[in-house]
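A.B. asks: To be precise about what I am sending: the file is called upload.csv and holds CSV, C-alpha atoms.
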```csv
chain,number,residue,atom,x,y,z
A,1,MET,CA,226.6,-13.7,371.6
A,2,ASP,CA,223.2,-14.5,373.1
A,3,ALA,CA,220.2,-15.7,371.1
A,4,LYS,CA,218.8,-12.1,370.8
A,5,ASP,CA,222.1,-10.9,369.4
A,6,GLU,CA,222.3,-13.8,366.9
A,7,GLU,CA,218.7,-13.2,365.7
A,8,ALA,CA,219.4,-9.4,365.3
A,9,GLY,CA,222.5,-10.3,363.3
A,10,ARG,CA,220.6,-12.6,361.0
A,11,THR,CA,217.7,-10.2,360.4
A,12,GLY,CA,219.7,-7.1,360.0
A,13,LYS,CA,217.6,-5.4,362.7
A,14,LEU,CA,219.1,-3.5,365.6
A,15,ARG,CA,218.6,-4.8,369.1
A,16,GLU,CA,216.1,-2.9,371.2
A,17,GLY,CA,217.4,0.4,372.5
A,18,LEU,CA,220.0,0.9,369.7
A,19,ARG,CA,219.8,3.6,367.0
A,20,THR,CA,221.7,4.3,363.8
A,21,VAL,CA,223.4,7.7,363.3
A,22,ALA,CA,225.6,9.1,360.5
A,23,GLY,CA,227.7,12.2,360.1
A,24,VAL,CA,230.3,14.0,358.1
A,25,VAL,CA,233.7,14.9,359.7
A,26,THR,CA,236.9,16.7,358.7
A,27,GLN,CA,240.0,14.7,357.8
A,28,ASP,CA,241.7,15.3,361.1
A,29,VAL,CA,238.6,14.0,363.0
A,30,TYR,CA,238.5,11.0,360.7
A,31,ASP,CA,242.3,10.4,361.3
A,32,ARG,CA,241.6,10.4,365.1
A,33,LEU,CA,238.7,8.0,364.7
A,34,LEU,CA,241.0,5.6,362.7
A,35,ALA,CA,243.7,5.9,365.4
A,36,LEU,CA,241.0,5.0,368.1
A,37,GLN,CA,239.9,2.1,365.9
A,38,ARG,CA,243.5,0.8,365.7
A,39,GLU,CA,244.3,1.4,369.4
A,40,ARG,CA,241.3,-0.4,370.7
A,41,GLY,CA,241.0,-3.1,367.9
A,42,ILE,CA,237.5,-2.1,367.0
A,43,PRO,CA,236.4,-4.0,363.9
A,44,THR,CA,234.2,-1.3,362.1
A,45,MET,CA,234.1,2.4,361.7
A,46,SER,CA,230.4,2.3,362.7
A,47,ARG,CA,231.3,0.9,366.1
A,48,VAL,CA,234.2,3.4,366.5
A,49,VAL,CA,231.7,6.3,365.9
A,50,GLY,CA,229.2,4.7,368.3
A,51,ILE,CA,231.9,4.3,371.0
A,52,ALA,CA,233.2,7.9,370.5
A,53,LEU,CA,229.6,9.3,370.7
A,54,GLN,CA,228.9,7.1,373.8
A,55,GLU,CA,232.0,8.4,375.6
A,56,TRP,CA,231.1,12.0,374.6
A,57,ALA,CA,227.5,11.6,375.9
A,58,GLN,CA,228.8,10.1,379.2
A,59,GLY,CA,231.1,13.1,379.6
A,60,MET,CA,228.2,15.5,378.9
A,61,ALA,CA,226.0,13.7,381.5
A,62,SER,CA,228.6,14.2,384.1
A,63,GLY,CA,228.9,17.9,383.4
A,64,GLY,CA,232.0,17.6,381.2
A,65,PHE,CA,233.4,20.0,378.6
A,66,LYS,CA,230.8,21.2,376.1
A,67,LEU,CA,231.0,23.2,372.9
A,68,GLY,CA,228.0,23.7,370.7
A,69,ALA,CA,227.6,24.0,366.9
A,70,GLY,CA,230.7,24.9,364.9
A,71,GLU,CA,233.0,23.3,367.4
A,72,GLU,CA,235.6,22.3,364.8
A,73,GLU,CA,236.6,25.9,364.1
A,74,GLY,CA,240.2,26.5,365.1
A,75,VAL,CA,240.9,22.9,365.8
A,76,GLU,CA,244.5,21.9,365.2
A,77,GLY,CA,245.3,19.1,362.9
A,78,SER,CA,246.1,15.8,364.6
A,79,GLY,CA,249.7,15.6,363.3
A,80,GLY,CA,251.4,13.0,365.4
A,81,ASN,CA,248.9,13.1,368.2
A,82,ARG,CA,247.0,9.8,368.1
A,83,SER,CA,244.6,10.7,371.0
A,84,LEU,CA,241.1,12.1,370.6
A,85,LYS,CA,241.8,14.9,373.1
A,86,PRO,CA,244.3,17.7,372.3
A,87,ALA,CA,247.1,18.2,374.8
A,88,GLU,CA,247.3,22.0,374.3
A,89,PRO,CA,244.4,24.4,374.5
A,90,ARG,CA,242.8,25.0,371.1
A,91,ASP,CA,241.5,28.5,370.3
A,92,ALA,CA,237.8,28.8,370.1
A,93,THR,CA,236.0,31.2,367.7
A,94,LEU,CA,232.4,31.2,368.8
A,95,SER,CA,229.6,32.1,366.4
A,96,PRO,CA,226.9,34.5,367.7
A,97,TRP,CA,224.6,32.7,370.2
A,98,GLN,CA,227.0,29.8,370.5
A,99,GLU,CA,227.8,28.7,374.1
A,100,VAL,CA,230.7,26.9,375.6
A,101,ARG,CA,230.8,25.4,379.1
A,102,GLY,CA,233.6,24.1,381.2
A,103,LEU,CA,235.9,24.3,384.2
A,104,VAL,CA,238.2,27.3,384.2
A,105,THR,CA,241.8,26.0,384.4
A,106,GLU,CA,243.6,29.2,383.6
A,107,VAL,CA,242.9,33.0,383.2
A,108,ARG,CA,245.5,35.3,381.8
A,109,GLN,CA,245.6,38.9,380.4
A,110,GLU,CA,246.5,39.2,376.7
A,111,GLY,CA,246.6,42.9,375.8
A,112,GLN,CA,243.0,44.1,375.5
A,113,HIS,CA,241.6,40.5,376.0
A,114,LEU,CA,241.2,38.1,378.8
A,115,CYS,CA,242.2,34.5,377.8
A,116,VAL,CA,240.1,31.9,379.6
A,117,VAL,CA,241.2,28.3,379.3
A,118,LEU,CA,238.4,25.8,379.9
A,119,GLY,CA,239.0,22.2,380.4
A,120,ASP,CA,237.6,18.9,381.6
A,121,ARG,CA,239.3,15.5,381.6
A,122,GLY,CA,242.1,16.6,379.2
A,123,ASP,CA,240.1,18.7,376.7
A,124,LEU,CA,241.4,22.3,376.7
A,125,LEU,CA,239.8,25.3,375.0
A,126,ALA,CA,241.0,28.9,375.0
A,127,VAL,CA,238.4,31.6,374.7
A,128,ARG,CA,239.5,35.2,374.4
A,129,LEU,CA,237.1,37.8,375.9
A,130,PRO,CA,237.1,41.5,375.7
A,131,ASN,CA,238.0,43.1,379.1
A,132,ALA,CA,234.6,44.7,379.3
A,133,VAL,CA,232.7,41.4,379.7
A,134,GLY,CA,230.4,41.5,382.8
A,135,GLY,CA,229.2,38.6,384.9
A,136,PRO,CA,230.7,36.5,387.6
A,137,ARG,CA,234.4,36.8,388.4
A,138,ILE,CA,236.3,34.2,386.3
A,139,ALA,CA,238.9,32.3,388.3
A,140,PRO,CA,240.5,28.9,388.0
A,141,GLY,CA,238.4,26.2,389.5
A,142,ALA,CA,235.1,27.9,388.6
A,143,ARG,CA,232.6,26.2,386.3
A,144,VAL,CA,231.3,28.7,383.8
A,145,ALA,CA,229.2,29.1,380.6
A,146,ILE,CA,230.4,31.6,378.0
A,147,LEU,CA,227.9,32.8,375.5
A,148,ARG,CA,228.8,34.7,372.3
A,149,THR,CA,226.2,37.5,371.7
A,150,ASP,CA,225.6,39.9,368.8
A,151,THR,CA,225.5,43.0,371.1
A,152,PRO,CA,228.4,44.7,372.9
A,153,PRO,CA,230.5,43.6,374.6
A,154,GLY,CA,229.9,40.4,372.5
A,155,PHE,CA,230.0,37.8,375.3
A,156,ALA,CA,228.1,36.9,378.5
A,157,VAL,CA,229.5,34.8,381.3
A,158,ARG,CA,227.5,32.9,383.9
A,159,ALA,CA,228.5,30.6,386.7
A,160,LEU,CA,227.4,27.0,386.7
A,161,ARG,CA,226.9,24.8,389.7
```
Turn this file's structure into structure tokens for me.

C.D. replies:
Amino acid sequence: MDAKDEEAGRTGKLREGLRTVAGVVTQDVYDRLLALQRERGIPTMSRVVGIALQEWAQGMASGGFKLGAGEEEGVEGSGGNRSLKPAEPRDATLSPWQEVRGLVTEVRQEGQHLCVVLGDRGDLLAVRLPNAVGGPRIAPGARVAILRTDTPPGFAVRALR
């Protein structure tokens, strides 16, 4: 610990460039944070949340998987899985005007719907689109943004670079 860190610890003030955040999570997210804390030997939950947010932000900066507000809808419970990333695709139910971005890893026909699996670095998300959705051709390897709309056909797809 350098002199600045010691001084910050004694005064209760954060070092320059650091900010405090808080949030409310579901039980399965909390369980995953606890698992991360144990796996990495992180002493406080505050630091665990900070590390998880930092890793998320770094993934976002590099164009990684993104899901906007309401992202916990349809998330499976953690069960025996102690990682922060699900191994199987989780179903996404997007709210109107919610967008999800990612790399297309799989496209399959499911009756009247097209199931598009998006993934980046282990995160997998399945979005079911009506067959009538326009936009660029969706194929594995493409990076796309899928926007839920409130007008037919209900979704818009655009290619990302």

A.B. asks: Please list as a list in words every residue within 10 Å of Val21 of chain A, counting only C-alpha atoms and excluding residues in the same chain fewer than 2 positions away.

C.D. replies: Leu18, Arg19, Gly23, Ser46, Val49, Gly50 and Leu53 of chain A

A.B. asks: Of the candidates A:Gly111, A:Pro96, A:Pro43, A:Gly102, which shows the shortest atom-to-atom distance to Leu147 of chain A, using all atoms listed in the file?

C.D. replies: A:Pro96

A.B. asks: Pick out the residues sitting within 7 Å of Glu106 of chain A, and hand them over as an NGL selection string; count all atoms listed in the file, and ignore anything fewer than 3 positions along from it in its own chain.

C.D. replies: :A and (116-117 or 140)

A.B. asks: Rank nothing, just name the residue among A:Val48, A:Asp123, A:Ala145, A:Arg90 nearest to Arg32 of chain A, using all atoms listed in the file.

C.D. replies: A:Val48

A.B. asks: From the list A:Ile138, A:Asp150, A:Gly12, A:Leu94, which residue is nearest Cys115 of chain A when using only C-alpha atoms?

C.D. replies: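 Using only C-alpha atoms, Cys115 of chain A sits closest to A:Ile138.
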
A.B. asks: For Leu34 of chain A, please output as a PyMOL selection string all residues within 12 Å (counting all atoms listed in the file; exclusion window: fewer than 4 positions along the same chain).

C.D. replies: chain A and resi 27-30+38-49+52+78+82-84

A.B. asks: Report as a PyMOL selection string all protein, DNA and RNA residues lying within 12 Å of Arg137 of chain A, evaluated on all atoms listed in the file, omitting residues in the same chain fewer than 3 positions from it.

C.D. replies: chain A and resi 104+107+114+116+131+133-134+140-144+156-159

A.B. asks: Now that the selection is made, can you save its residues with C-alpha atoms as a PDB file, keeping the file's coordinate frame?

C.D. replies:
```pdb
ATOM      1  CA  VAL A 104     238.200  27.300 384.200  1.00  0.00           C
ATOM      2  CA  VAL A 107     242.900  33.000 383.200  1.00  0.00           C
ATOM      3  CA  LEU A 114     241.200  38.100 378.800  1.00  0.00           C
ATOM      4  CA  VAL A 116     240.100  31.900 379.600  1.00  0.00           C
ATOM      5  CA  ASN A 131     238.000  43.100 379.100  1.00  0.00           C
ATOM      6  CA  VAL A 133     232.700  41.400 379.700  1.00  0.00           C
ATOM      7  CA  GLY A 134     230.400  41.500 382.800  1.00  0.00           C
ATOM      8  CA  PRO A 140     240.500  28.900 388.000  1.00  0.00           C
ATOM      9  CA  GLY A 141     238.400  26.200 389.500  1.00  0.00           C
ATOM     10  CA  ALA A 142     235.100  27.900 388.600  1.00  0.00           C
ATOM     11  CA  ARG A 143     232.600  26.200 386.300  1.00  0.00           C
ATOM     12  CA  VAL A 144     231.300  28.700 383.800  1.00  0.00           C
ATOM     13  CA  ALA A 156     228.100  36.900 378.500  1.00  0.00           C
ATOM     14  CA  VAL A 157     229.500  34.800 381.300  1.00  0.00           C
ATOM     15  CA  ARG A 158     227.500  32.900 383.900  1.00  0.00           C
ATOM     16  CA  ALA A 159     228.500  30.600 386.700  1.00  0.00           C
TER      17      ALA A 159
END
```

A.B. asks: Please compute the atom CA of Leu33 of chain A-atom CA of Ala92 of chain A distance, one decimal, in Å.

C.D. replies: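 Value for the atom CA of Leu33 of chain A-atom CA of Ala92 of chain A distance: 21.5 Å.
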
A.B. asks: Kindly give the distance, in Å, that separates atom CA of Ile146 of chain A and atom CA of Val100 of chain A, rounded to a single decimal.

C.D. replies: 5.3 Å

A.B. asks: Measure the distance from atom CA of Trp56 of chain A to atom CA of Gly154 of chain A in Å and round it to one decimal.

C.D. replies: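 Atom-to-atom, atom CA of Trp56 of chain A to atom CA of Gly154 of chain A, that is 28.5 Å.
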
A.B. asks: Point out the residue among A:Leu118, A:Val127, A:Arg108, A:Leu103 with the least atom-to-atom distance to Arg161 of chain A, counting all atoms listed in the file.

C.D. replies: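 Nearest candidate to Arg161 of chain A out of A:Leu118, A:Val127, A:Arg108, A:Leu103: A:Leu103.
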
A.B. asks: Residues near Pro89 of chain A, anyone? I mean within 7 Å using only C-alpha atoms, not counting same-chain ones fewer than 5 positions away, as a list in words.

C.D. replies: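 Residues meeting the cut-off are Val117, Leu124, Leu125 and Ala126 of chain A.
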